Amino acid sequence: DSGVTQTPKHLITATGQRVTLRCSPRSGDLSVYWYQQSLDQGLQFLIQYYNGEERAKGNILERFSAQQFPDLHSELNLSSLELGDSALYFCASSEQGGNTDTQYFGPGTRLTVL
Amino acid sequence: TQLLEQSPQFLSIQEGENLTVYCNSSSVFSSLQWYRQEPGEGPVLLVTVVTGGEVKKLKRLTFQFGDARKDSSLHITAAQPGDTGLYLCAGTYSGTYKYIFGTGTRLKVLA
């Protein structure tokens, strides 16, 4: 158990819909990361937050948005969903968000878009 | 989509054999990490290397960062079934916090 929690574990929805994925970091960690993992694209870095502020942005689509709240939990919002958005979405957290920090990954949310 | 090249993509070996996994990029990394991921779970960090030429050992696993910080290798000695999993390298470029993950090496160790 990494100490990072993600909800829900599974999500099935239809194309065009909007969903919200939630992540609670390990106690004391200030930085949160979001990743997408699919069979054909591998593990893709989406975005990183540090203490409520966006720190780095990867290949995150404009239809996706995220935020980190004052209590440090984070949400990833996916809208106008397409079939290709079906994937495992991981959240990770680290103490300070530095490049050599250990990232602790949550168990993931499996999103299926029908 | 930018990914680090890992090779081999798949590897199936017998228990007790040695193996090496490679991670290559055309760009210089400020740091590089190796992860192992098991089915249905998130990746777990194995090691972080930051200095060119650096070698780190973790029991039967030896990690090396290339002198030019563009490549890395993971060597497993006397592989065991418990080593089975997806091995991922990940790096960050100088001046950025963006993580680039490798294409992955899926290892299966047969008893």
# chains A, B, ... in the order shown; residues from 1 in each chain; ligands from 1

call {"tool": "interface_residues", "arguments": {"of": "chain B", "to": "chain A", "cutoff": "12 Å", "atoms": "only C-alpha atoms", "output": "ChimeraX atom specification"}}
result
/B:1-6,9,29-51,86-106

call {"tool": "write_last_selection", "arguments": {"atoms": "N, CA and C atoms", "output": "compact mmCIF listing (two decimals), in the first residue's frame"}}
result
# COMPACT_ATOMS: atom_id res chain seq x y z
N THR B 1 4.00 11.87 -29.54
CA THR B 1 4.14 11.39 -28.18
C THR B 1 5.60 10.96 -27.95
N GLN B 2 6.22 11.57 -26.94
CA GLN B 2 7.63 11.31 -26.71
C GLN B 2 7.81 10.20 -25.70
N LEU B 3 8.55 9.17 -26.04
CA LEU B 3 8.80 8.06 -25.14
C LEU B 3 10.27 7.69 -25.22
N LEU B 4 10.76 7.17 -24.13
CA LEU B 4 12.10 6.59 -24.14
C LEU B 4 12.01 5.22 -24.78
N GLU B 5 13.04 4.86 -25.53
CA GLU B 5 13.07 3.55 -26.15
C GLU B 5 13.64 2.54 -25.18
N GLN B 6 12.87 1.48 -24.93
CA GLN B 6 13.37 0.40 -24.09
C GLN B 6 13.48 -0.86 -24.93
N GLN B 9 11.39 -5.44 -25.73
CA GLN B 9 10.01 -5.14 -25.36
C GLN B 9 9.44 -6.26 -24.49
N PHE B 29 19.37 13.48 -19.90
CA PHE B 29 18.46 13.53 -18.77
C PHE B 29 19.16 14.12 -17.54
N SER B 30 18.40 14.85 -16.76
CA SER B 30 18.94 15.35 -15.50
C SER B 30 18.87 14.25 -14.44
N SER B 31 17.90 13.37 -14.57
CA SER B 31 17.80 12.23 -13.66
C SER B 31 17.01 11.14 -14.36
N LEU B 32 17.21 9.92 -13.93
CA LEU B 32 16.50 8.80 -14.54
C LEU B 32 16.09 7.83 -13.46
N GLN B 33 14.89 7.29 -13.60
CA GLN B 33 14.37 6.36 -12.60
C GLN B 33 13.94 5.06 -13.27
N TRP B 34 14.01 4.00 -12.52
CA TRP B 34 13.50 2.69 -12.95
C TRP B 34 12.37 2.28 -12.01
N TYR B 35 11.30 1.78 -12.62
CA TYR B 35 10.13 1.33 -11.88
C TYR B 35 9.80 -0.11 -12.27
N ARG B 36 9.12 -0.81 -11.38
CA ARG B 36 8.52 -2.09 -11.71
C ARG B 36 7.02 -2.01 -11.44
N GLN B 37 6.26 -2.53 -12.39
CA GLN B 37 4.81 -2.49 -12.25
C GLN B 37 4.26 -3.89 -12.41
N GLU B 38 3.39 -4.26 -11.48
CA GLU B 38 2.73 -5.55 -11.56
C GLU B 38 1.29 -5.33 -12.02
N PRO B 39 0.69 -6.36 -12.61
CA PRO B 39 -0.67 -6.21 -13.17
C PRO B 39 -1.66 -5.65 -12.16
N GLY B 40 -2.41 -4.63 -12.59
CA GLY B 40 -3.44 -4.07 -11.73
C GLY B 40 -2.94 -3.14 -10.66
N GLU B 41 -1.64 -2.84 -10.67
CA GLU B 41 -1.09 -1.96 -9.63
C GLU B 41 -0.32 -0.81 -10.27
N GLY B 42 -0.03 0.20 -9.46
CA GLY B 42 0.79 1.31 -9.94
C GLY B 42 2.26 0.95 -9.93
N PRO B 43 3.06 1.66 -10.71
CA PRO B 43 4.52 1.42 -10.71
C PRO B 43 5.12 1.69 -9.34
N VAL B 44 6.18 0.95 -9.03
CA VAL B 44 6.90 1.13 -7.78
C VAL B 44 8.34 1.48 -8.11
N LEU B 45 8.82 2.56 -7.52
CA LEU B 45 10.18 3.02 -7.80
C LEU B 45 11.21 2.02 -7.30
N LEU B 46 12.18 1.71 -8.18
CA LEU B 46 13.29 0.84 -7.79
C LEU B 46 14.53 1.67 -7.45
N VAL B 47 14.84 2.64 -8.32
CA VAL B 47 16.07 3.40 -8.12
C VAL B 47 16.00 4.72 -8.88
N THR B 48 16.76 5.70 -8.42
CA THR B 48 16.96 6.96 -9.12
C THR B 48 18.45 7.16 -9.33
N VAL B 49 18.87 7.49 -10.55
CA VAL B 49 20.26 7.80 -10.84
C VAL B 49 20.34 9.21 -11.40
N VAL B 50 21.39 9.93 -11.00
CA VAL B 50 21.49 11.33 -11.42
C VAL B 50 22.84 11.68 -12.02
N THR B 51 23.87 10.90 -11.73
CA THR B 51 25.22 11.24 -12.18
C THR B 51 25.64 10.33 -13.32
N LEU B 86 6.43 -5.57 -15.33
CA LEU B 86 6.73 -4.58 -16.36
C LEU B 86 7.76 -3.62 -15.80
N TYR B 87 8.88 -3.49 -16.47
CA TYR B 87 9.94 -2.59 -16.03
C TYR B 87 9.90 -1.33 -16.90
N LEU B 88 9.88 -0.20 -16.23
CA LEU B 88 9.77 1.08 -16.90
C LEU B 88 10.90 1.99 -16.48
N CYS B 89 11.52 2.65 -17.46
CA CYS B 89 12.45 3.72 -17.11
C CYS B 89 11.72 5.04 -17.31
N ALA B 90 12.14 6.05 -16.61
CA ALA B 90 11.51 7.36 -16.71
C ALA B 90 12.55 8.42 -16.44
N GLY B 91 12.51 9.49 -17.20
CA GLY B 91 13.51 10.53 -17.02
C GLY B 91 12.92 11.91 -17.08
N THR B 92 13.68 12.84 -16.56
CA THR B 92 13.32 14.25 -16.67
C THR B 92 14.49 14.98 -17.33
N TYR B 93 14.15 15.94 -18.15
CA TYR B 93 15.19 16.73 -18.81
C TYR B 93 15.56 17.92 -17.94
N SER B 94 16.77 18.40 -18.15
CA SER B 94 17.25 19.52 -17.38
C SER B 94 16.32 20.72 -17.53
N GLY B 95 15.98 21.35 -16.42
CA GLY B 95 15.15 22.55 -16.46
C GLY B 95 13.66 22.30 -16.54
N THR B 96 13.25 21.07 -16.43
CA THR B 96 11.83 20.76 -16.51
C THR B 96 11.47 19.70 -15.50
N TYR B 97 10.22 19.69 -15.10
CA TYR B 97 9.73 18.65 -14.21
C TYR B 97 8.92 17.60 -14.97
N LYS B 98 8.88 17.71 -16.30
CA LYS B 98 8.09 16.76 -17.09
C LYS B 98 8.75 15.40 -17.10
N TYR B 99 7.98 14.37 -16.80
CA TYR B 99 8.49 13.01 -16.80
C TYR B 99 8.18 12.34 -18.13
N ILE B 100 9.19 11.70 -18.70
CA ILE B 100 9.02 10.91 -19.92
C ILE B 100 9.25 9.45 -19.53
N PHE B 101 8.27 8.60 -19.84
CA PHE B 101 8.40 7.19 -19.51
C PHE B 101 8.82 6.38 -20.72
N GLY B 102 9.53 5.33 -20.44
CA GLY B 102 9.95 4.42 -21.49
C GLY B 102 8.80 3.56 -21.98
N THR B 103 9.04 2.87 -23.07
CA THR B 103 8.03 2.02 -23.70
C THR B 103 7.77 0.75 -22.90
N GLY B 104 8.67 0.42 -21.97
CA GLY B 104 8.44 -0.71 -21.08
C GLY B 104 9.04 -2.01 -21.57
N THR B 105 9.48 -2.83 -20.63
CA THR B 105 9.96 -4.18 -20.91
C THR B 105 9.15 -5.13 -20.03
N ARG B 106 8.45 -6.02 -20.70
CA ARG B 106 7.63 -6.98 -19.95
C ARG B 106 8.44 -8.25 -19.75

call {"tool": "residues_around", "arguments": {"residues": "Thr112 (chain A)", "least_positions_apart": "6", "cutoff": "8 Å", "atoms": "only C-alpha atoms", "output": "PyMOL selection string"}}
result
chain A and resi 10-13+83+85-87

call {"tool": "closest_residue", "arguments": {"among": "B:Leu110, B:Leu74, B:Ala79, B:Leu11", "to": "Cys23 (chain B)", "atoms": "only C-alpha atoms"}}
result
B:Leu74

call {"tool": "closest_residue", "arguments": {"among": "A:Leu76, A:Leu21, A:Ala14, A:Leu30", "to": "Val113 (chain A)", "atoms": "only C-alpha atoms"}}
result
A:Ala14

call {"tool": "select_by_dssp", "arguments": {"residues": "chain B", "states": "strand (DSSP E)", "output": "PyMOL selection string"}}
result
chain B and resi 5-7+10-14+19-24+29-37+44-49+55-58+61-65+71-76+85-93+99-101+105-110

call {"tool": "write_last_selection", "arguments": {"atoms": "C-alpha atoms", "output": "CSV table (one decimal), in the first residue's frame"}}
result
chain,number,residue,atom,x,y,z
B,5,GLU,CA,13.1,3.6,-26.2
B,6,GLN,CA,13.4,0.4,-24.1
B,7,SER,CA,14.6,-2.9,-25.3
B,10,PHE,CA,9.3,-8.7,-24.1
B,11,LEU,CA,11.6,-11.1,-22.3
B,12,SER,CA,10.8,-14.6,-21.2
B,13,ILE,CA,13.6,-16.5,-19.4
B,14,GLN,CA,14.1,-19.4,-17.0
B,19,LEU,CA,19.2,-10.4,-18.2
B,20,THR,CA,19.8,-6.8,-19.2
B,21,VAL,CA,17.2,-4.2,-20.1
B,22,TYR,CA,18.1,-1.1,-21.9
B,23,CYS,CA,16.7,2.4,-21.9
B,24,ASN,CA,17.8,4.9,-24.6
B,29,PHE,CA,18.5,13.5,-18.8
B,30,SER,CA,18.9,15.3,-15.5
B,31,SER,CA,17.8,12.2,-13.7
B,32,LEU,CA,16.5,8.8,-14.5
B,33,GLN,CA,14.4,6.4,-12.6
B,34,TRP,CA,13.5,2.7,-12.9
B,35,TYR,CA,10.1,1.3,-11.9
B,36,ARG,CA,8.5,-2.1,-11.7
B,37,GLN,CA,4.8,-2.5,-12.3
B,44,VAL,CA,6.9,1.1,-7.8
B,45,LEU,CA,10.2,3.0,-7.8
B,46,LEU,CA,13.3,0.8,-7.8
B,47,VAL,CA,16.1,3.4,-8.1
B,48,THR,CA,17.0,7.0,-9.1
B,49,VAL,CA,20.3,7.8,-10.8
B,55,VAL,CA,26.1,2.5,-10.8
B,56,LYS,CA,23.6,1.4,-8.1
B,57,LYS,CA,22.9,-2.0,-6.8
B,58,LEU,CA,19.7,-3.3,-5.2
B,61,LEU,CA,19.5,-5.7,-9.6
B,62,THR,CA,22.3,-3.4,-11.0
B,63,PHE,CA,21.4,-0.1,-12.5
B,64,GLN,CA,23.8,2.0,-14.6
B,65,PHE,CA,23.4,5.5,-15.9
B,71,ASP,CA,20.9,5.9,-21.6
B,72,SER,CA,20.6,3.5,-18.8
B,73,SER,CA,20.6,-0.2,-18.2
B,74,LEU,CA,19.1,-2.6,-15.7
B,75,HIS,CA,20.8,-5.9,-15.1
B,76,ILE,CA,19.2,-8.7,-13.1
B,85,GLY,CA,6.6,-7.6,-14.2
B,86,LEU,CA,6.7,-4.6,-16.4
B,87,TYR,CA,9.9,-2.6,-16.0
B,88,LEU,CA,9.8,1.1,-16.9
B,89,CYS,CA,12.5,3.7,-17.1
B,90,ALA,CA,11.5,7.4,-16.7
B,91,GLY,CA,13.5,10.5,-17.0
B,92,THR,CA,13.3,14.2,-16.7
B,93,TYR,CA,15.2,16.7,-18.8
B,99,TYR,CA,8.5,13.0,-16.8
B,100,ILE,CA,9.0,10.9,-19.9
B,101,PHE,CA,8.4,7.2,-19.5
B,105,THR,CA,10.0,-4.2,-20.9
B,106,ARG,CA,7.6,-7.0,-20.0
B,107,LEU,CA,9.6,-9.7,-18.1
B,108,LYS,CA,8.4,-13.2,-17.4
B,109,VAL,CA,10.6,-15.5,-15.3
B,110,LEU,CA,9.6,-19.1,-15.5

call {"tool": "decode", "arguments": {"residues": "region 22-38 of chain A", "atoms": "all heavy atoms", "output": "CSV table (one decimal), in the first residue's frame"}}
result
chain,number,residue,atom,x,y,z
A,22,ARG,N,-10.5,11.2,-8.5
A,22,ARG,CA,-10.1,11.9,-7.3
A,22,ARG,C,-8.8,11.2,-6.8
A,22,ARG,O,-8.7,9.9,-6.9
A,22,ARG,CB,-11.2,11.9,-6.3
A,22,ARG,CG,-10.8,12.6,-5.0
A,22,ARG,CD,-11.9,12.4,-3.9
A,22,ARG,NE,-11.4,12.8,-2.6
A,22,ARG,CZ,-11.7,14.0,-2.1
A,22,ARG,NH1,-12.5,14.8,-2.7
A,22,ARG,NH2,-11.3,14.3,-0.9
A,23,CYS,N,-7.9,12.0,-6.2
A,23,CYS,CA,-6.7,11.4,-5.6
A,23,CYS,C,-6.4,12.1,-4.3
A,23,CYS,O,-6.4,13.3,-4.2
A,23,CYS,CB,-5.5,11.7,-6.6
A,23,CYS,SG,-3.9,11.4,-6.0
A,24,SER,N,-6.0,11.3,-3.3
A,24,SER,CA,-5.5,11.8,-2.0
A,24,SER,C,-4.1,11.3,-1.9
A,24,SER,O,-3.8,10.1,-1.9
A,24,SER,CB,-6.4,11.2,-0.9
A,24,SER,OG,-7.7,11.8,-0.9
A,25,PRO,N,-3.2,12.3,-1.8
A,25,PRO,CA,-1.8,12.0,-1.7
A,25,PRO,C,-1.4,11.4,-0.3
A,25,PRO,O,-2.2,11.4,0.6
A,25,PRO,CB,-1.1,13.3,-1.9
A,25,PRO,CG,-2.0,14.3,-1.3
A,25,PRO,CD,-3.4,13.7,-1.7
A,26,ARG,N,-0.2,10.8,-0.2
A,26,ARG,CA,0.3,10.4,1.1
A,26,ARG,C,0.4,11.5,2.0
A,26,ARG,O,0.6,12.7,1.6
A,26,ARG,CB,1.7,9.8,0.9
A,26,ARG,CG,1.9,8.5,0.2
A,26,ARG,CD,3.3,8.0,0.3
A,26,ARG,NE,4.3,9.0,0.4
A,26,ARG,CZ,5.4,9.0,1.1
A,26,ARG,NH1,5.7,7.8,1.7
A,26,ARG,NH2,6.3,9.9,1.1
A,27,SER,N,0.2,11.2,3.3
A,27,SER,CA,0.3,12.2,4.3
A,27,SER,C,1.6,12.9,4.2
A,27,SER,O,2.7,12.3,4.3
A,27,SER,CB,0.1,11.6,5.7
A,27,SER,OG,0.2,12.6,6.7
A,28,GLY,N,1.6,14.3,4.1
A,28,GLY,CA,2.9,15.0,4.1
A,28,GLY,C,3.4,15.3,2.7
A,28,GLY,O,4.3,16.2,2.6
A,29,ASP,N,2.9,14.6,1.7
A,29,ASP,CA,3.4,14.9,0.4
A,29,ASP,C,2.7,16.2,-0.2
A,29,ASP,O,1.5,16.3,-0.1
A,29,ASP,CB,3.1,13.7,-0.6
A,29,ASP,CG,4.1,12.6,-0.3
A,29,ASP,OD1,5.0,12.7,0.5
A,29,ASP,OD2,3.9,11.5,-1.0
A,30,LEU,N,3.5,17.0,-0.8
A,30,LEU,CA,2.9,18.3,-1.3
A,30,LEU,C,2.7,18.3,-2.8
A,30,LEU,O,2.0,19.1,-3.3
A,30,LEU,CB,3.9,19.4,-1.0
A,30,LEU,CG,4.2,19.7,0.5
A,30,LEU,CD1,5.2,20.8,0.6
A,30,LEU,CD2,2.9,20.1,1.2
A,31,SER,N,3.2,17.3,-3.5
A,31,SER,CA,3.1,17.3,-4.9
A,31,SER,C,2.3,16.1,-5.4
A,31,SER,O,2.4,15.0,-4.9
A,31,SER,CB,4.5,17.2,-5.6
A,31,SER,OG,4.5,17.5,-6.9
A,32,VAL,N,1.5,16.3,-6.4
A,32,VAL,CA,0.6,15.3,-7.0
A,32,VAL,C,0.9,15.3,-8.5
A,32,VAL,O,1.0,16.3,-9.2
A,32,VAL,CB,-0.8,15.6,-6.7
A,32,VAL,CG1,-1.7,14.7,-7.6
A,32,VAL,CG2,-1.1,15.4,-5.3
A,33,TYR,N,0.9,14.1,-9.1
A,33,TYR,CA,1.1,13.9,-10.5
A,33,TYR,C,-0.1,13.0,-11.0
A,33,TYR,O,-0.6,12.2,-10.3
A,33,TYR,CB,2.4,13.1,-10.8
A,33,TYR,CG,3.6,13.5,-10.1
A,33,TYR,CD1,3.8,13.3,-8.7
A,33,TYR,CD2,4.6,14.2,-10.8
A,33,TYR,CE1,5.0,13.7,-8.1
A,33,TYR,CE2,5.8,14.6,-10.2
A,33,TYR,CZ,6.0,14.3,-8.8
A,33,TYR,OH,7.1,14.7,-8.2
A,34,TRP,N,-0.4,13.3,-12.3
A,34,TRP,CA,-1.4,12.5,-13.0
A,34,TRP,C,-0.8,11.8,-14.2
A,34,TRP,O,-0.1,12.5,-15.0
A,34,TRP,CB,-2.6,13.3,-13.4
A,34,TRP,CG,-3.5,13.6,-12.2
A,34,TRP,CD1,-3.6,14.8,-11.5
A,34,TRP,CD2,-4.5,12.8,-11.7
A,34,TRP,NE1,-4.6,14.7,-10.6
A,34,TRP,CE2,-5.2,13.5,-10.6
A,34,TRP,CE3,-5.0,11.5,-11.9
A,34,TRP,CZ2,-6.2,12.9,-9.8
A,34,TRP,CZ3,-6.0,10.9,-11.2
A,34,TRP,CH2,-6.6,11.7,-10.1
A,35,TYR,N,-1.1,10.5,-14.4
A,35,TYR,CA,-0.6,9.8,-15.6
A,35,TYR,C,-1.8,9.0,-16.2
A,35,TYR,O,-2.7,8.6,-15.6
A,35,TYR,CB,0.4,8.8,-15.1
A,35,TYR,CG,1.7,9.4,-14.6
A,35,TYR,CD1,1.8,9.6,-13.2
A,35,TYR,CD2,2.8,9.6,-15.4
A,35,TYR,CE1,3.0,10.2,-12.7
A,35,TYR,CE2,4.0,10.1,-14.9
A,35,TYR,CZ,4.1,10.4,-13.6
A,35,TYR,OH,5.2,10.9,-13.1
A,36,GLN,N,-1.6,8.8,-17.5
A,36,GLN,CA,-2.5,8.0,-18.3
A,36,GLN,C,-1.7,6.8,-18.8
A,36,GLN,O,-0.7,7.0,-19.4
A,36,GLN,CB,-3.1,8.8,-19.4
A,36,GLN,CG,-4.1,8.0,-20.3
A,36,GLN,CD,-4.4,8.7,-21.6
A,36,GLN,OE1,-3.5,9.0,-22.4
A,36,GLN,NE2,-5.7,9.0,-21.8
A,37,GLN,N,-2.3,5.6,-18.6
A,37,GLN,CA,-1.6,4.4,-19.2
A,37,GLN,C,-2.6,3.6,-20.0
A,37,GLN,O,-3.6,3.1,-19.6
A,37,GLN,CB,-1.1,3.5,-18.0
A,37,GLN,CG,-0.2,2.3,-18.5
A,37,GLN,CD,0.4,1.5,-17.4
A,37,GLN,OE1,-0.2,1.3,-16.4
A,37,GLN,NE2,1.7,1.1,-17.6
A,38,SER,N,-2.2,3.5,-21.3
A,38,SER,CA,-3.0,2.7,-22.2
A,38,SER,C,-2.0,1.7,-22.9
A,38,SER,O,-0.8,1.9,-22.9
A,38,SER,CB,-3.7,3.6,-23.3
A,38,SER,OG,-2.7,4.4,-24.0
